[in-house]
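The block underneath contains the structure these notes are about, expressed in structure tokens.
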Amino acid sequence: MKEEKIHVFFEGLESFRIETILLESWIGTVCSNENHTLKNLSIIICTDEFLINMNRDHLDHDYYTDIITFDLSEEPTSIEGELYISLDRIRDNAKKLSVSESKELHRVIIHGVFHLIGYNDKTEQQQKIMRSKEDASLSLRSEI
């Protein structure tokens, strides 16, 4: 039996169905295109309050965010980490951007994966590169 590489957890909210097999295939393809290997990725979907406390406790940031990424990789081309994602931010951003919550969730997930690969988004130029990679990756996904 194949070992799962994607694990989804829910913190402080009711769980919902996520197609982890399709998600793993899509993320695995994106990683492979970047010469990385998907090893183990935990996706923790949570509330704003849970994530702001993580942001304060671990990063000394006192603001809401849609995602916090923790890189747990021991090898430079392996992807192992944790993605903490606020469902509240996903819902608000989806409304603001006039996209489905599913599309916005996938954008944020792949954004976190690109951080694990090594991309940053601190400068305007880095943000443009990140957004371009997100858009290209979203076009690769099957309906998950």
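Within each chain, counting starts at residue 1; across the structure tokens, chains are named A, B, ... in the order shown, with ligands numbered 1 upward in that order.
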
Closest atom pairs, residues of stretch 23-57 of chain A within 12 Å of stretch 14-18 of chain A, only C-alpha atoms, as CSV:
residue,atom,partner,partner_atom,distance
A:Leu23,CA,A:Ile18,CA,8.0
A:Glu24,CA,A:Ile18,CA,10.8
A:Ile43,CA,A:Ile18,CA,10.7
A:Ile44,CA,A:Ser15,CA,10.6
A:Ile45,CA,A:Ser15,CA,8.6
A:Cys46,CA,A:Glu14,CA,9.3
A:Thr47,CA,A:Glu14,CA,10.3

>> Residues of chain A classed as strand (DSSP E or B) by DSSP on the backbone are to be reported as a PyMOL selection string.
In response: chain A and resi 6-11+37-46+67-71+78-86

Go ahead and dump the residues you just picked, C-alpha atoms, as a short mmCIF file (atom, residue, chain, number, x, y, z; two decimals), in the first residue's frame.
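Everything below was put into selection.cif:
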data_model
loop_
_atom_site.label_atom_id
_atom_site.label_comp_id
_atom_site.auth_asym_id
_atom_site.auth_seq_id
_atom_site.Cartn_x
_atom_site.Cartn_y
_atom_site.Cartn_z
CA ILE A 6 -0.44 14.70 2.21
CA HIS A 7 -2.23 14.85 5.54
CA VAL A 8 -5.08 17.26 6.20
CA PHE A 9 -6.18 18.27 9.69
CA PHE A 10 -8.82 20.68 10.99
CA GLU A 11 -8.32 22.85 14.07
CA THR A 37 10.30 15.78 -4.32
CA LEU A 38 7.17 15.80 -2.20
CA LYS A 39 7.91 13.75 0.92
CA ASN A 40 5.44 14.75 3.64
CA LEU A 41 3.10 17.72 3.88
CA SER A 42 0.65 18.43 6.68
CA ILE A 43 -2.10 20.92 5.91
CA ILE A 44 -3.82 22.26 8.99
CA ILE A 45 -6.98 24.20 8.19
CA CYS A 46 -7.95 26.45 11.08
CA ILE A 67 -1.05 30.98 5.73
CA ILE A 68 1.96 30.23 7.87
CA THR A 69 4.49 27.76 6.50
CA PHE A 70 6.96 25.70 8.52
CA ASP A 71 9.76 24.00 6.59
CA SER A 78 12.75 17.44 -0.42
CA ILE A 79 9.46 19.00 0.51
CA GLU A 80 8.45 18.30 4.10
CA GLY A 81 6.52 20.81 6.12
CA GLU A 82 3.39 22.12 7.71
CA LEU A 83 0.96 24.60 6.19
CA TYR A 84 -1.39 26.35 8.64
CA ILE A 85 -4.23 27.93 6.68
CA SER A 86 -7.01 30.20 7.94
#

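With only C-alpha atoms as the basis for measurement, A:Leu116 is the residue among A:Val30, A:Leu116, A:Arg56, A:Lys103 that approaches A:Leu72 most closely.
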
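Using only C-alpha atoms, the smallest distance between any of A:Gln126, A:Asn53, A:Ser100, A:Ser137 and A:Thr29 comes from A:Ser137.
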
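With distances restricted to only C-alpha atoms, A:His36 is the closest residue to A:Gly118 from A:His36, A:Lys96, A:Arg131, A:Arg141.
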
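Pairwise distance (atom CA of A:Asp62, atom CA of A:Asp135) equals 28.7 Å.
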
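Distances to A:His111 were evaluated for A:Lys128, A:Lys133, A:Arg89, A:Lys95 using only C-alpha atoms, and the minimum falls at A:Lys133.
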
> Closest to A:Leu140 among A:Glu4, A:Thr20, A:Asp121, A:Ser25, using only C-alpha atoms?
Replying inline: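 Using only C-alpha atoms, the shortest distance to A:Leu140 belongs to A:Ser25.
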
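Distance check against A:Glu104 using only C-alpha atoms: of A:Glu134, A:Asp48, A:Asp57, A:Glu75, the minimum falls on A:Glu134.
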